[in-house]
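Report on the structure given below.
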Amino acid sequence: MDTLSGAIAKIQGKRVLVSPLNWGLGHATRCVPVIKALISANKEVILAADGVALDFLQTTFPTLESIELKDLRVRYAQGNSQVWSMIKQTPYFIRAILKEHKALKKLVKAHNIDVVVSDNRFGLWNKRCETVYITHQLMIKMTPKTQWLERTVWRMHRTIINKFNHCWIPDFSGPDNLSGDLSHKYPLPKYGEFIGVLSRFDPNYTSTTPSPYSTVILISGPEPHRSMLEERAIHHFNRSERQTLILRGQPQSPVAPVHIGNITLMSHMDTPELQDIMQNSETIICRSGYSSLMDLYTIHRKAILIPTPGQTEQEYLAGYFKEKGFTIIDQEKW
């Protein structure tokens with residue numbers, strides 16, 4: 001059976017550093033069940049992140065020690081293709097990865113770290129301790145024009161994964177999986193294992209409280225597309241009679257709710273409150289990011305998905321979940 005607890009049981013060390021990628025909130029939110037499971041296994045957890053990811057984890061786990069560990073500063077292109085934007089940023093990515101690898105060496109020594117759990121942070125492997133790499137994207141989806149590079153990029157990613165002692169894949173091993181080709185097209189890494197779905201939401205939670213909102217829109221991801229989606233959502237619903245909540249995905253900027261007609265704009269919301277509203281709202285609109293899809297799976301809800309333009313992973317997942325009954329909208333046509 002694919003279980004997180006089974007994977008954690010294989011970890012030998014006591015002091016565990018957990019560090020998610022600061023690329024929207026998704027990597028941080030899916031670390032919530034990992035952190036809770038580590039605490040239940042009597043591990044001493046230390047948080048290390050940057051930006052909104054660190055803000056979210058500090059808010060969710062206020063009693064845990066936390067460290068700012070600088071991360072990539074990714075910015076998407078405004079157009080519909082992110083491939084060349086990512087290629088242009090490659091030299092910066094390499095420098096940032098080397099820098100975080102060097103920073104980790106100091107952290108491991110200064111804080112007596114036994115285990116490092118990295119959610120998609122390439123540089124967080126270390127020979128002095130046990131390391132875990134979390135990813136659902138063993139292979140990187142390429143554009144139709146660059147699909148010939150797919151296997152080469154997969155091998156490059158595999159080289160990075162092999163520097164870690166464990167690779168945890170948040171999905172199921174069987175045919176009823178959530179990641180499709182991303183985790184299942186090519187052979188698993190030597191130390192790869194499926195650990196089931198990771199969601200910040202409680203799968204056993206039930207509520208009959210009516211939601212004050214008919215529509216909930218979750219805004220997330222790197223700029224400028226985060227702001228672009230927010231602007232389109234406001235434009236689309238500012239004359240609607242439906243009570244609409246737009247959650248801006250900005251825990252670092254807590255401000256009072258803003259009301260525009262029947263729209264309520266909020267920077268952030270605590271997980272239990274958000275789960276209650278999402279489970280009881282009529283319509284959910286969000287990106288087709290993998291963490292959002294795991295959250296929806298956990299609360300047994302479908303949604304209208306708006307993939308980030310040019311983000312091949314989200315575009316693939318949108319198509320994959322369309323076959324599962326989800327509705328897909330093109331951001332540029334919304």
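Residues are named by chain letter and number: chains run A, B, ... in the order of the structure tokens, numbers start at 1 in each chain, and ligands are numbered from 1 in the order shown.
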Output as a Markdown table one row per residue of region 165-226 of chain A within 12 Å of region 123-127 of chain A: the closest atom pair and its distance in Å to one decimal place, counting only C-alpha atoms, sorted by chain and residue number ascending.
```
| residue | atom | partner | partner_atom | distance |
| --- | --- | --- | --- | --- |
| A:Asn165 | CA | A:Trp125 | CA | 8.6 |
| A:His166 | CA | A:Trp125 | CA | 10.4 |
| A:Cys167 | CA | A:Trp125 | CA | 11.6 |
```
Per DSSP on the backbone, filter region 95-268 of chain A down to the residues in helix (DSSP H, G or I) and report them as JSON, numbers by chain. {"A": [95, 96, 97, 98, 99, 100, 101, 102, 103, 104, 105, 106, 107, 108, 109, 110, 144, 145, 146, 147, 148, 149, 150, 151, 152, 153, 154, 155, 156, 157, 158, 159, 160, 161, 181, 182, 183, 184, 225, 226, 227, 228, 229, 230, 231, 232, 233, 234, 235, 236, 237]}
List every residue of region 205-289 of chain A that has an atom at most 10 Å from any atom of region 300-307 of chain A, and for each one report the closest atom pair and its distance in Å to one decimal, counting only C-alpha atoms, with rows sorted by chain and then by increasing residue number, as JSON lines.
```
{"residue": "A:Val216", "atom": "CA", "partner": "A:Ala303", "partner_atom": "CA", "distance": 9.8}
{"residue": "A:Ile217", "atom": "CA", "partner": "A:Ile304", "partner_atom": "CA", "distance": 9.3}
{"residue": "A:Leu229", "atom": "CA", "partner": "A:Ile306", "partner_atom": "CA", "distance": 8.9}
{"residue": "A:Met278", "atom": "CA", "partner": "A:Arg301", "partner_atom": "CA", "distance": 8.3}
{"residue": "A:Gln279", "atom": "CA", "partner": "A:Arg301", "partner_atom": "CA", "distance": 7.2}
{"residue": "A:Asn280", "atom": "CA", "partner": "A:Arg301", "partner_atom": "CA", "distance": 9.7}
{"residue": "A:Ser281", "atom": "CA", "partner": "A:Arg301", "partner_atom": "CA", "distance": 9.9}
{"residue": "A:Glu282", "atom": "CA", "partner": "A:Ala303", "partner_atom": "CA", "distance": 9.7}
{"residue": "A:Thr283", "atom": "CA", "partner": "A:Ala303", "partner_atom": "CA", "distance": 6.7}
{"residue": "A:Ile284", "atom": "CA", "partner": "A:Ala303", "partner_atom": "CA", "distance": 4.9}
{"residue": "A:Ile285", "atom": "CA", "partner": "A:Ile304", "partner_atom": "CA", "distance": 4.7}
{"residue": "A:Cys286", "atom": "CA", "partner": "A:Leu305", "partner_atom": "CA", "distance": 5.3}
{"residue": "A:Arg287", "atom": "CA", "partner": "A:Ile306", "partner_atom": "CA", "distance": 4.8}
{"residue": "A:Ser288", "atom": "CA", "partner": "A:Pro307", "partner_atom": "CA", "distance": 5.1}
{"residue": "A:Gly289", "atom": "CA", "partner": "A:Pro307", "partner_atom": "CA", "distance": 7.5}
```
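Nearest to Arg248 (chain A) of all the residues A:Ser267, A:Ile234, A:Glu332, A:Thr152 is A:Ser267, counting only C-alpha atoms.
Using only C-alpha atoms, the shortest contact distance between Asp71 (chain A) and any of A:Leu21, A:Ile35, A:Ile328, A:Met228 is found at A:Leu21.
Across the model, the gap from CA of Thr60 (chain A) to CA of Asp171 (chain A) is 23.4 Å.
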Residues within 7 Å of region 109-117 of chain A, only C-alpha atoms, excluding chain neighbours under 6 positions, as a PyMOL selection string: chain A and resi 13-19+129-133
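Proximity ranking of A:His27, A:Lys105, A:Lys43, A:Lys141 relative to Asp119 (chain A) places A:His27 first, based on only C-alpha atoms.
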Apply DSSP to the backbone of this structure and, from region 143-312 of chain A, keep only the residues in strand (DSSP E or B); write these as a VMD selection string. chain A and resid 166 to 169 192 to 194 215 to 218 244 to 247 258 to 260 263 to 266 283 to 286 304 to 305
Do a neighbour search on Gly192 (chain A) at 12 Å with only C-alpha atoms, toss out local chain neighbours closer than 5 positions, and write the hits as a PyMOL selection string. chain A and resi 2+7+132-136+138+158+161-162+164-171+173+183-184+186-187
Just the selected residues (C-alpha atoms), exported as a PDB file, in the first residue's frame, please.
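Below is the file result.pdb, written as the result:
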```pdb
ATOM      1  CA  ASP A   2       1.255   3.523  -0.827  1.00  0.00           C
ATOM      2  CA  ALA A   7       8.144   5.917   4.022  1.00  0.00           C
ATOM      3  CA  VAL A 132      14.553  12.899   0.789  1.00  0.00           C
ATOM      4  CA  TYR A 133      13.333  14.418  -2.474  1.00  0.00           C
ATOM      5  CA  ILE A 134       9.568  14.882  -2.949  1.00  0.00           C
ATOM      6  CA  THR A 135       8.230  15.205  -6.490  1.00  0.00           C
ATOM      7  CA  HIS A 136       5.247  14.123  -8.564  1.00  0.00           C
ATOM      8  CA  LEU A 138       9.628  12.554 -12.437  1.00  0.00           C
ATOM      9  CA  ARG A 158      16.999  11.538 -12.731  1.00  0.00           C
ATOM     10  CA  ILE A 161      17.121  12.661  -7.923  1.00  0.00           C
ATOM     11  CA  ASN A 162      19.870  10.052  -7.590  1.00  0.00           C
ATOM     12  CA  PHE A 164      19.143  11.892  -2.682  1.00  0.00           C
ATOM     13  CA  ASN A 165      18.711   8.801  -0.499  1.00  0.00           C
ATOM     14  CA  HIS A 166      14.929   8.623  -1.012  1.00  0.00           C
ATOM     15  CA  CYS A 167      12.433   9.869  -3.584  1.00  0.00           C
ATOM     16  CA  TRP A 168       8.862  10.197  -2.327  1.00  0.00           C
ATOM     17  CA  ILE A 169       6.193  10.442  -5.019  1.00  0.00           C
ATOM     18  CA  PRO A 170       2.842  11.894  -3.842  1.00  0.00           C
ATOM     19  CA  ASP A 171       0.515   9.667  -5.830  1.00  0.00           C
ATOM     20  CA  SER A 173       1.082   3.366  -7.874  1.00  0.00           C
ATOM     21  CA  SER A 183       5.164   9.898 -12.511  1.00  0.00           C
ATOM     22  CA  HIS A 184       4.193   6.768 -14.421  1.00  0.00           C
ATOM     23  CA  TYR A 186       9.207   6.079 -17.139  1.00  0.00           C
ATOM     24  CA  PRO A 187      10.773   3.664 -14.613  1.00  0.00           C
TER      25      PRO A 187
END
```
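Between CA of Thr264 (chain A) and CA of Thr215 (chain A) the separation is 10.5 Å.
As for CA of Pro210 (chain A) and CA of Glu273 (chain A), they are spaced 12.2 Å apart.
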